[in-house]
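A.B. asks: Structure file query_39.cif, mmCIF, C-alpha atoms and all ligand atoms, is pasted below:
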data_run
#
loop_
_atom_site.label_atom_id
_atom_site.label_comp_id
_atom_site.auth_asym_id
_atom_site.auth_seq_id
_atom_site.Cartn_x
_atom_site.Cartn_y
_atom_site.Cartn_z
CA MET C 1 82.55 115.16 116.03
CA LYS C 2 85.13 117.85 116.25
CA ASN C 3 86.17 119.14 112.89
CA GLU C 4 89.46 120.84 112.42
CA GLU C 5 88.07 124.22 111.54
CA ALA C 6 85.88 124.34 114.60
CA VAL C 7 88.82 123.48 116.81
CA VAL C 8 90.99 126.16 115.24
CA SER C 9 88.35 128.83 115.47
CA GLY C 10 87.67 127.82 119.08
CA TYR C 11 91.35 128.23 119.77
CA ASN C 12 91.52 131.63 118.13
CA TYR C 13 88.67 132.82 120.31
CA ALA C 14 90.34 131.36 123.39
CA ARG C 15 93.68 132.95 122.51
CA GLU C 16 92.08 136.39 122.36
CA THR C 17 90.11 135.84 125.52
CA TYR C 18 93.20 134.86 127.45
CA ALA C 19 95.31 137.58 125.88
CA ALA C 20 92.85 140.10 127.27
CA LEU C 21 93.78 138.77 130.72
CA GLY C 22 97.48 139.01 129.93
CA VAL C 23 97.89 135.27 129.31
CA ASP C 24 99.69 133.77 126.32
CA THR C 25 98.03 130.48 125.28
CA ASP C 26 100.85 129.42 122.92
CA GLU C 27 103.32 129.81 125.76
CA ALA C 28 101.05 127.79 128.07
CA LEU C 29 101.00 124.94 125.55
CA ARG C 30 104.77 125.00 125.22
CA LYS C 31 104.99 124.61 128.98
CA LEU C 32 102.34 121.89 129.05
CA ASP C 33 104.52 119.93 126.65
CA GLN C 34 107.13 119.78 129.42
CA VAL C 35 104.71 118.13 131.86
CA LYS C 36 105.43 114.47 131.27
CA ILE C 37 102.98 112.18 132.99
CA SER C 38 104.42 108.88 134.14
CA LEU C 39 101.72 106.34 133.30
CA HIS C 40 101.46 103.58 135.88
CA CYS C 41 101.74 100.23 134.13
CA TRP C 42 99.67 98.60 136.87
CA GLN C 43 96.29 100.01 135.82
CA ALA C 44 96.39 97.77 132.73
CA ASP C 45 96.42 94.48 134.64
CA ASP C 46 95.07 95.24 138.12
CA VAL C 47 98.52 95.28 139.79
CA GLY C 48 99.15 91.63 138.97
CA GLY C 49 102.54 91.66 137.25
CA PHE C 50 104.20 88.87 135.30
CA GLU C 51 106.03 86.74 137.84
CA THR C 52 103.73 83.81 137.05
CA PRO C 53 100.90 83.50 134.52
CA ASP C 54 98.35 83.96 137.30
CA SER C 55 100.13 86.58 139.44
CA LYS C 56 97.72 88.82 141.24
CA LEU C 57 97.69 91.59 143.81
CA GLU C 58 97.77 90.18 147.32
CA GLY C 59 97.85 92.14 150.55
CA GLY C 60 99.85 95.31 150.79
CA GLY C 61 96.82 97.15 152.11
CA ILE C 62 95.71 98.07 148.61
CA GLN C 63 92.89 96.59 146.56
CA VAL C 64 91.52 96.49 143.06
CA THR C 65 87.82 95.93 142.53
CA GLY C 66 85.97 95.09 139.32
CA ASN C 67 86.16 92.49 136.62
CA PHE C 68 85.91 94.35 133.35
CA PRO C 69 87.08 92.25 130.40
CA GLY C 70 90.37 92.91 128.64
CA ARG C 71 92.97 92.90 131.41
CA ALA C 72 96.50 92.72 130.00
CA ARG C 73 97.84 89.23 130.65
CA THR C 74 101.22 89.40 128.93
CA ILE C 75 103.95 91.94 128.41
CA ALA C 76 102.98 92.16 124.76
CA GLN C 77 99.41 93.02 125.71
CA LEU C 78 100.54 95.55 128.28
CA MET C 79 102.80 97.22 125.72
CA GLU C 80 99.93 97.23 123.25
CA ASP C 81 97.65 98.88 125.83
CA ILE C 82 100.15 101.55 126.77
CA GLU C 83 100.76 102.32 123.10
CA LYS C 84 97.01 102.69 122.64
CA VAL C 85 96.80 105.02 125.64
CA MET C 86 99.73 107.09 124.41
CA SER C 87 98.14 107.36 120.97
CA LEU C 88 95.19 109.10 122.62
CA LEU C 89 97.21 111.60 124.62
CA PRO C 90 98.76 114.78 123.31
CA GLY C 91 102.45 115.24 124.15
CA LYS C 92 105.05 112.66 125.16
CA GLN C 93 104.53 110.81 128.43
CA ARG C 94 106.58 108.29 130.44
CA LEU C 95 105.91 104.78 131.65
CA ASN C 96 106.15 103.76 135.29
CA LEU C 97 107.11 100.11 135.86
CA HIS C 98 106.90 97.98 138.98
CA ALA C 99 109.51 95.29 139.60
CA ILE C 100 106.92 92.50 139.17
CA TYR C 101 106.48 93.47 135.50
CA GLY C 102 109.82 92.04 134.38
CA ASP C 103 110.27 89.82 131.37
CA PHE C 104 111.02 86.66 133.33
CA GLY C 105 110.64 84.30 130.37
CA GLY C 106 108.64 81.72 132.31
CA GLU C 107 111.34 81.34 134.96
CA LYS C 108 110.80 81.76 138.68
CA VAL C 109 112.83 84.82 139.58
CA ASP C 110 112.39 85.89 143.17
CA ARG C 111 112.47 89.57 144.08
CA ASP C 112 116.00 89.33 145.46
CA GLN C 113 117.18 87.96 142.13
CA ILE C 114 115.88 90.49 139.61
CA GLU C 115 118.40 91.92 137.18
CA LEU C 116 118.67 94.37 134.37
CA LYS C 117 118.15 91.66 131.77
CA HIS C 118 114.58 91.16 133.00
CA PHE C 119 113.76 94.71 132.01
CA GLN C 120 115.76 95.04 128.82
CA SER C 121 112.72 94.41 126.63
CA TRP C 122 110.95 97.31 128.35
CA ILE C 123 113.98 99.56 127.86
CA ASP C 124 114.09 98.63 124.18
CA TRP C 125 110.37 99.28 123.88
CA ALA C 126 110.76 102.67 125.58
CA LYS C 127 113.66 103.60 123.35
CA LYS C 128 111.57 102.83 120.30
CA ALA C 129 108.58 104.72 121.67
CA GLY C 130 110.82 107.66 122.59
CA VAL C 131 109.63 107.73 126.19
CA GLY C 132 111.36 107.65 129.57
CA LEU C 133 110.81 104.98 132.20
CA ASP C 134 110.37 105.15 135.95
CA PHE C 135 110.62 102.24 138.35
CA ASN C 136 109.35 100.86 141.68
CA PRO C 137 110.37 98.03 143.96
CA THR C 138 107.43 95.72 144.66
CA CYS C 139 107.22 95.08 148.41
CA PHE C 140 103.84 93.32 148.44
CA SER C 141 102.14 90.26 146.89
CA HIS C 142 104.85 88.05 148.33
CA PRO C 143 105.04 85.45 151.14
CA PHE C 144 107.67 87.56 152.95
CA ALA C 145 105.23 90.46 153.10
CA GLU C 146 102.30 88.42 154.33
CA ASP C 147 102.57 89.57 157.94
CA GLY C 148 102.38 93.17 156.78
CA PHE C 149 106.03 94.12 157.22
CA THR C 150 108.97 94.37 154.81
CA LEU C 151 111.84 96.84 155.32
CA SER C 152 110.77 97.43 158.92
CA SER C 153 110.08 93.81 159.79
CA PHE C 154 111.28 92.41 163.12
CA HIS C 155 112.24 89.32 161.12
CA GLU C 156 115.84 89.85 160.08
CA GLY C 157 115.69 87.42 157.17
CA HIS C 158 112.69 89.17 155.67
CA ARG C 159 114.27 92.55 156.15
CA LYS C 160 117.45 91.44 154.41
CA PHE C 161 115.44 90.00 151.56
CA TRP C 162 113.60 93.27 150.98
CA ILE C 163 116.75 95.36 151.34
CA GLU C 164 118.33 93.25 148.62
CA HIS C 165 115.24 93.66 146.44
CA VAL C 166 115.21 97.43 146.72
CA LYS C 167 118.97 97.65 146.17
CA ARG C 168 118.50 95.72 142.96
CA THR C 169 115.73 98.04 141.80
CA ARG C 170 118.10 100.98 142.20
CA LYS C 171 120.74 99.17 140.21
CA ILE C 172 118.26 98.41 137.45
CA ALA C 173 116.78 101.91 137.53
CA VAL C 174 120.17 103.59 137.13
CA GLU C 175 120.82 101.51 134.04
CA ILE C 176 117.36 102.30 132.67
CA GLY C 177 118.10 105.99 133.13
CA ARG C 178 121.50 105.66 131.52
CA GLN C 179 120.24 103.77 128.48
CA LEU C 180 117.29 106.07 127.91
CA GLY C 181 119.16 109.31 128.59
CA THR C 182 116.58 110.56 131.08
CA PRO C 183 116.73 110.01 134.84
CA CYS C 184 114.65 107.10 136.09
CA ILE C 185 112.76 107.81 139.33
CA ASN C 186 112.80 104.77 141.58
CA ASN C 187 109.95 105.25 144.04
CA ILE C 188 109.99 103.24 147.24
CA TRP C 189 106.68 102.52 148.85
CA ILE C 190 106.26 99.79 151.45
CA PRO C 191 103.02 98.60 153.00
CA ASP C 192 104.44 98.16 156.50
CA GLY C 193 101.89 98.66 159.20
CA SER C 194 99.49 96.89 161.48
CA LYS C 195 95.78 96.35 161.73
CA ASP C 196 95.72 96.91 165.42
CA LEU C 197 97.55 98.84 168.08
CA SER C 198 101.28 98.52 168.00
CA VAL C 199 103.44 99.14 171.04
CA ASP C 200 106.73 99.37 169.19
CA ARG C 201 106.26 101.84 166.41
CA ASN C 202 109.59 103.23 167.42
CA LEU C 203 111.46 99.99 166.78
CA HIS C 204 109.77 99.54 163.40
CA ARG C 205 110.80 103.06 162.44
CA GLU C 206 114.34 102.54 163.63
CA LEU C 207 114.51 99.42 161.51
CA LEU C 208 113.09 101.23 158.50
CA THR C 209 115.70 103.96 158.91
CA GLN C 210 118.48 101.37 159.06
CA SER C 211 117.12 99.52 156.03
CA LEU C 212 116.91 102.70 153.99
CA ASP C 213 120.39 103.78 155.03
CA GLU C 214 121.70 100.45 153.83
CA ILE C 215 119.74 100.62 150.59
CA PHE C 216 121.19 104.05 149.80
CA VAL C 217 124.81 103.16 150.52
CA GLU C 218 125.59 102.90 146.80
CA GLU C 219 125.75 106.30 145.20
CA TYR C 220 124.58 106.65 141.65
CA SER C 221 124.58 109.56 139.26
CA PRO C 222 121.46 111.70 139.62
CA LEU C 223 121.57 112.02 135.85
CA HIS C 224 120.39 108.43 135.68
CA LEU C 225 118.65 107.66 138.97
CA LYS C 226 116.49 109.64 141.35
CA ASP C 227 115.41 108.00 144.60
CA SER C 228 111.96 108.76 145.91
CA LEU C 229 110.06 107.83 149.07
CA GLU C 230 106.29 107.56 149.39
CA GLY C 231 104.50 107.76 152.74
CA LYS C 232 101.00 106.83 153.68
CA LEU C 233 98.35 107.30 156.33
CA PHE C 234 96.90 103.82 156.51
CA GLY C 235 96.14 100.76 154.41
CA LEU C 236 93.45 98.12 154.28
CA GLY C 237 94.20 95.78 157.16
CA ALA C 238 96.79 98.28 158.39
CA GLU C 239 94.45 100.83 159.90
CA ALA C 240 96.08 101.39 163.27
CA MET C 241 99.71 102.09 162.42
CA THR C 242 101.77 102.79 159.32
CA VAL C 243 105.53 102.74 159.74
CA GLY C 244 106.33 104.88 156.70
CA SER C 245 104.21 107.86 157.65
CA HIS C 246 104.58 111.27 156.04
CA GLU C 247 106.55 112.75 158.89
CA PHE C 248 108.94 109.84 158.71
CA TYR C 249 109.64 110.21 155.01
CA LEU C 250 109.59 114.00 154.96
CA ALA C 251 112.26 114.03 157.64
CA TYR C 252 114.22 111.25 155.97
CA ALA C 253 114.04 112.93 152.58
CA VAL C 254 115.18 116.30 153.91
CA LYS C 255 118.07 114.78 155.82
CA ASN C 256 119.19 112.50 153.00
CA ARG C 257 118.37 114.66 149.98
CA LYS C 258 115.80 112.30 148.49
CA ILE C 259 112.67 112.98 146.49
CA LEU C 260 109.46 112.85 148.51
CA CYS C 261 106.38 111.37 146.89
CA TYR C 262 102.93 112.71 147.71
CA ASP C 263 100.14 110.33 146.76
CA MET C 264 96.86 112.25 146.74
CA GLY C 265 95.00 109.31 148.27
CA HIS C 266 97.31 109.02 151.26
CA PHE C 267 96.07 111.82 153.49
CA HIS C 268 93.16 112.70 155.69
CA PRO C 269 90.28 113.50 153.33
CA THR C 270 90.28 117.23 154.08
CA GLU C 271 94.04 117.65 153.70
CA GLN C 272 95.12 119.28 150.47
CA VAL C 273 98.21 117.90 148.79
CA GLY C 274 98.35 121.10 146.75
CA ASP C 275 99.05 123.04 149.93
CA LYS C 276 102.03 120.83 150.78
CA ILE C 277 103.98 121.51 147.60
CA SER C 278 105.41 124.93 148.37
CA ALA C 279 106.02 123.87 151.97
CA ALA C 280 108.08 120.81 151.10
CA LEU C 281 109.90 122.59 148.26
CA GLN C 282 111.45 125.01 150.75
CA PHE C 283 113.58 122.14 151.97
CA LEU C 284 113.55 119.52 149.20
CA ASP C 285 114.90 119.79 145.69
CA GLU C 286 112.22 117.72 144.03
CA LEU C 287 108.86 116.09 144.60
CA LEU C 288 107.00 113.25 142.96
CA LEU C 289 103.23 113.36 142.79
CA HIS C 290 101.03 110.31 142.59
CA ILE C 291 97.92 111.83 141.12
CA SER C 292 95.04 109.78 142.46
CA ARG C 293 91.51 110.11 143.83
CA GLY C 294 90.60 108.71 147.18
CA VAL C 295 86.88 108.27 147.71
CA HIS C 296 86.22 107.98 151.46
CA TRP C 297 89.51 106.07 151.76
CA ASP C 298 92.63 105.55 149.63
CA SER C 299 90.48 103.83 147.05
CA ASP C 300 92.54 104.62 143.96
CA HIS C 301 89.65 105.82 141.82
CA VAL C 302 90.31 107.13 138.31
CA VAL C 303 91.57 110.71 138.41
CA ILE C 304 89.12 113.37 137.34
CA LEU C 305 89.42 117.11 136.99
CA ASN C 306 88.47 117.99 140.56
CA ASP C 307 89.50 120.76 142.92
CA ASP C 308 92.24 118.65 144.50
CA VAL C 309 94.04 117.97 141.24
CA GLN C 310 93.56 121.56 140.17
CA LEU C 311 95.11 122.90 143.34
CA VAL C 312 98.07 120.57 142.90
CA ALA C 313 98.62 121.88 139.38
CA GLN C 314 98.08 125.51 140.36
CA GLU C 315 100.45 125.34 143.29
CA THR C 316 103.13 123.69 141.16
CA VAL C 317 102.82 126.34 138.46
CA ARG C 318 102.46 129.25 140.89
CA ALA C 319 105.63 128.12 142.66
CA ASN C 320 107.35 128.06 139.28
CA ALA C 321 108.24 124.44 140.08
CA LEU C 322 107.38 122.49 136.93
CA GLN C 323 111.01 121.38 136.71
CA ARG C 324 111.06 120.19 140.32
CA VAL C 325 107.74 118.37 140.54
CA HIS C 326 107.38 115.05 138.76
CA VAL C 327 103.93 113.89 137.83
CA ALA C 328 102.77 110.28 137.86
CA LEU C 329 99.38 108.61 137.97
CA ASP C 330 98.45 106.05 140.59
CA TYR C 331 95.08 104.35 140.64
CA PHE C 332 93.65 100.99 139.72
CA ASP C 333 90.09 100.53 138.59
CA ALA C 334 89.09 97.18 137.10
CA SER C 335 85.41 98.07 136.82
CA ILE C 336 85.64 100.05 133.56
CA ASN C 337 87.62 99.86 130.34
CA ARG C 338 91.18 100.08 131.63
CA ILE C 339 92.54 101.99 128.66
CA GLY C 340 89.73 104.45 129.13
CA ALA C 341 90.69 104.73 132.80
CA TYR C 342 94.20 105.80 131.80
CA VAL C 343 93.05 108.31 129.22
CA VAL C 344 90.45 109.92 131.48
CA GLY C 345 92.98 110.29 134.29
CA ALA C 346 95.85 111.48 132.13
CA ARG C 347 93.69 114.00 130.27
CA ALA C 348 92.24 115.29 133.54
CA THR C 349 95.77 115.80 134.81
CA GLN C 350 96.79 117.61 131.63
CA LEU C 351 93.69 119.78 131.81
CA ALA C 352 94.51 120.68 135.39
CA PHE C 353 98.04 121.73 134.43
CA LEU C 354 96.81 123.58 131.38
CA SER C 355 94.25 125.58 133.30
CA ALA C 356 96.93 126.35 135.89
CA LEU C 357 99.25 127.54 133.12
CA LEU C 358 96.45 129.76 131.82
CA GLU C 359 95.84 131.43 135.14
CA PRO C 360 96.09 135.25 134.94
CA ILE C 361 98.74 135.01 137.60
CA ALA C 362 100.38 138.40 137.10
CA ARG C 363 97.12 140.19 137.68
CA LEU C 364 96.14 137.95 140.58
CA ARG C 365 99.46 138.71 142.25
CA GLU C 366 99.00 142.43 141.78
CA PHE C 367 95.62 142.23 143.48
CA GLU C 368 97.01 140.14 146.29
CA GLU C 369 100.00 142.38 146.89
CA SER C 370 97.84 145.47 147.10
CA GLY C 371 95.36 143.81 149.43
CA ARG C 372 92.54 143.87 146.88
CA ASN C 373 91.07 140.58 147.91
CA PHE C 374 87.63 140.99 146.39
CA GLU C 375 89.30 141.50 143.00
CA ARG C 376 91.53 138.49 143.58
CA LEU C 377 88.56 136.27 144.43
CA ALA C 378 86.51 137.55 141.51
CA LEU C 379 89.30 137.02 138.98
CA LEU C 380 89.89 133.49 140.27
CA GLU C 381 86.19 132.85 139.69
CA VAL C 382 86.21 134.44 136.24
CA ALA C 383 89.22 132.33 135.26
CA LYS C 384 87.31 129.14 136.00
CA SER C 385 84.91 129.61 133.13
CA LYS C 386 87.46 130.71 130.54
CA PRO C 387 87.69 128.36 127.55
CA PHE C 388 90.68 126.21 128.49
CA GLY C 389 88.89 123.23 126.91
CA ALA C 390 89.23 124.93 123.54
CA VAL C 391 92.96 125.35 124.13
CA TYR C 392 93.22 121.67 125.04
CA ASP C 393 91.29 120.60 121.93
CA TYR C 394 93.73 122.58 119.84
CA TYR C 395 96.64 120.94 121.65
CA CYS C 396 95.10 117.58 120.72
CA LEU C 397 94.66 118.66 117.12
CA VAL C 398 98.24 119.77 116.63
CA ASN C 399 99.43 116.56 118.27
CA ASP C 400 97.23 114.53 115.96
CA VAL C 401 95.17 112.86 118.67
CA PRO C 402 91.37 112.94 119.03
CA ALA C 403 90.01 116.21 120.42
CA GLY C 404 87.12 116.61 122.83
CA GLU C 405 84.83 113.61 123.17
CA ASP C 406 86.21 111.83 120.10
CA TYR C 407 88.43 109.51 122.12
CA ILE C 408 85.40 107.91 123.77
CA LYS C 409 84.28 106.25 120.57
CA GLU C 410 87.80 105.27 119.67
CA ILE C 411 88.22 103.42 122.95
CA ALA C 412 84.83 101.76 122.59
CA ASP C 413 85.78 100.55 119.10
CA HIS C 414 89.12 99.26 120.34
CA GLU C 415 87.31 97.40 123.12
CA LYS C 416 85.13 95.60 120.56
CA ARG C 417 88.03 94.81 118.26
CA ILE C 418 90.74 93.86 120.76
CA LEU C 419 89.88 93.75 124.45
CA ILE C 420 86.79 91.57 124.25
CA ASN C 421 88.78 88.88 122.45
CA ARG C 422 91.44 88.53 125.11
C1 LIG O 501 100.11 102.34 147.64
C2 LIG O 501 100.93 103.36 146.95
C3 LIG O 501 101.79 102.84 145.83
C4 LIG O 501 101.08 101.81 145.00
C5 LIG O 501 101.89 101.30 143.82
C6 LIG O 501 101.26 100.10 143.19
O1 LIG O 501 99.21 102.88 148.51
O2 LIG O 501 100.10 104.37 146.49
O3 LIG O 501 102.25 103.90 145.08
O4 LIG O 501 99.85 102.26 144.54
O5 LIG O 501 103.17 101.06 144.22
ZN ZN O 502 101.04 105.86 145.24
#
Have the structure of the file written as structure tokens, please.
C.D. replies:
Amino acid sequence: MKNEEAVVSGYNYARETYAALGVDTDEALRKLDQVKISLHCWQADDVGGFETPDSKLEGGGIQVTGNFPGRARTIAQLMEDIEKVMSLLPGKQRLNLHAIYGDFGGEKVDRDQIELKHFQSWIDWAKKAGVGLDFNPTCFSHPFAEDGFTLSSFHEGHRKFWIEHVKRTRKIAVEIGRQLGTPCINNIWIPDGSKDLSVDRNLHRELLTQSLDEIFVEEYSPLHLKDSLEGKLFGLGAEAMTVGSHEFYLAYAVKNRKILCYDMGHFHPTEQVGDKISAALQFLDELLLHISRGVHWDSDHVVILNDDVQLVAQETVRANALQRVHVALDYFDASINRIGAYVVGARATQLAFLSALLEPIARLREFEESGRNFERLALLEVAKSKPFGAVYDYYCLVNDVPAGEDYIKEIADHEKRILINR
């Protein structure tokens, strides 16, 4: 049990320790407050959505495994879960919605029919909670995506259907952003690809280019809507070819001034997303990060505080790019308490950003500039064991959320009271 006094005295010690390295902990916490994490609504219900009472994830090259009790089955339950998650996180976050999570009121509303009214209850909820919303078209779990292609399909009817869907998501997203007074990022990810060798990648990519060009014909105010594009290496059942590869979207985003989304599970296992940030930011205004953890493949494991996430945070902070890099979570684990999965991942992400903000960067740069590379390496090592956990506990305390390990019990209690009875 963390008592208040212990947290405060831990913080005082940490503040002095960091000050000795030329780092201001209060300033770091002020900056951390600006890192809003967009919580992915789809962890709460295993990417099912609310189109029908038994909607579930199908195809798309992604998969959820596990059967832990307590999955959110209604919008009310999903809202309840997100509120619980937010009550265990210091600072204000955002919520990231997929188009299949609309409030369809028991009616069959196909993807090319969605409208603002289906998301008004979410906007009202967000307004009340004082959080921003982000949005995503859903180009999977649908008969017209069954053959593995959507915006790049050879089938003109399917392509038109998905173009209409994505256009509508932009229209909804711009209104979300307008009503909430904070831009809504609409992130486009499509599963298009094939299990086996394809001889017309080029045609698929031409079609995808045309579809995107058509989708982006309407211009909306960037104060309300930001368009983002997410590439991928491969998917389950789409191992041989992915139409929307990174090169494709990087080039498209640069040419068309869009946001590029880097999902940390979408690269070769030894590639570092952290390394890509300052490269892409030379030519793009903004990036979106899907913080995730691939294990052997794009498995969407719960985010933990590992080297990959730390490098992402460090590179964002070192590039002075906190305003240009948007942070979202993306994973789906149904094998553990789902609320716990959110809190572990969101806290790990915050800890990564906090430790990056506490880096003795001025001194490290001095060493680097003067070629003192032993000193640089040593200080990087020293920084790793500095008490950033004590700073985070204090951040929790002042935000009135459980510090340290205290959230574990709170989630376990909530599971017994609420989740088990669903
Ligand atoms: C899939 C992408 C995408 C999805 C969500 C559900 O590989 O990462 O972001 O996870 O749209
Ligand atoms: Zn993603």
A.B. asks: CA of Ala334 (chain C) to CA of Leu89 (chain C): how many Å, to one decimal?
C.D. replies: 20.7 Å
A.B. asks: Quick one: residues within 10 Å of ligand LIG 501 (chain O), with all atoms listed in the file, as an NGL selection string?
C.D. replies: :C and (40-43 or 46-48 or 57 or 60-63 or 96-99 or 135-140 or 187-191 or 229-236 or 261-266 or 289-292 or 298-300 or 328-332)
A.B. asks: In terms of the shortest atom-to-atom distance over all atoms listed in the file, which of C:His224, C:Ser194, C:Arg71, C:Lys56 is closest to Leu133 (chain C)?
C.D. replies: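 Among the listed residues, C:His224 lies closest to Leu133 (chain C).
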A.B. asks: At a cut-off of 7 Å from (115.9, 96.0, 140.0) in the coordinates of the file, what residues are picked up using only C-alpha atoms, written as an MDAnalysis selection string?
C.D. replies: chainID C and resid 99 114:116 165:166 168:173
A.B. asks: Nearest to ligand ZN 502 (chain O): which of C:Leu78, C:Leu305, C:Phe267, C:Phe388 is it, counting only C-alpha atoms and all ligand atoms?
C.D. replies: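 Nearest to ligand ZN 502 (chain O): C:Phe267.
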A.B. asks: Env of Pro360 (chain C): 6 Å cut, atoms = all atoms listed in the file, seq-sep filter 3 positions within chain, self excluded. Answer as a list in words.
C.D. replies: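 Counting only the stated atoms, we get Leu21, Val23 and Arg363 of chain C.
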A.B. asks: May I ask which of the residues C:Ala129, C:Ile304, C:Leu208, C:Leu397 is the closest one to Val343 (chain C), counting all atoms listed in the file?
C.D. replies: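 Smallest distance to Val343 (chain C) is found for C:Ile304.
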A.B. asks: Any idea what the distance is between CA of Met241 (chain C) and CA of Lys167 (chain C)?
C.D. replies: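 One can read the CA of Met241 (chain C) to CA of Lys167 (chain C) distance as 25.6 Å.
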A.B. asks: Name the closest residue to Leu311 (chain C) among the candidates C:Tyr13, C:Tyr220, C:Trp162, C:Phe353; distances are taken between atoms, counting only C-alpha atoms.
C.D. replies: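 That would be C:Phe353, the residue with the smallest distance to Leu311 (chain C).
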A.B. asks: Quick one: distance from CA of Leu379 (chain C) to CA of Gln272 (chain C) in Å, one decimal?
C.D. replies: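 A separation of 21.9 Å between them.
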A.B. asks: Got a sec: who's within 7 Å of Phe68 (chain C), counting only C-alpha atoms, leaving out chain neighbours fewer than 2 positions off, as a list in words?
C.D. replies: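 Counting only the stated atoms, we get Gly66, Gly70, Ala334, Ser335, Ile336 and Asn337 of chain C.
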A.B. asks: Nearest residue to ligand ZN 502 (chain O) out of C:Thr209, C:Thr52, C:Ser228, C:Thr270, using only C-alpha atoms and all ligand atoms?
C.D. replies: C:Ser228
A.B. asks: I'd like to know which of C:Arg293, C:Leu29, C:Met79, C:Gly193 is closest to ligand ZN 502 (chain O), using all atoms listed in the file.
C.D. replies: C:Arg293
A.B. asks: Kindly list the centre and edge lengths in Å, rounded to one decimal, for the axis-aligned box that covers all listed atoms of region 13-18 of chain C plus 5 Å on each of its six sides, as AutoDock Vina command-line options.
C.D. replies:
--center_x 91.2 --center_y 133.9 --center_z 123.9 --size_x 15.0 --size_y 15.0 --size_z 17.1
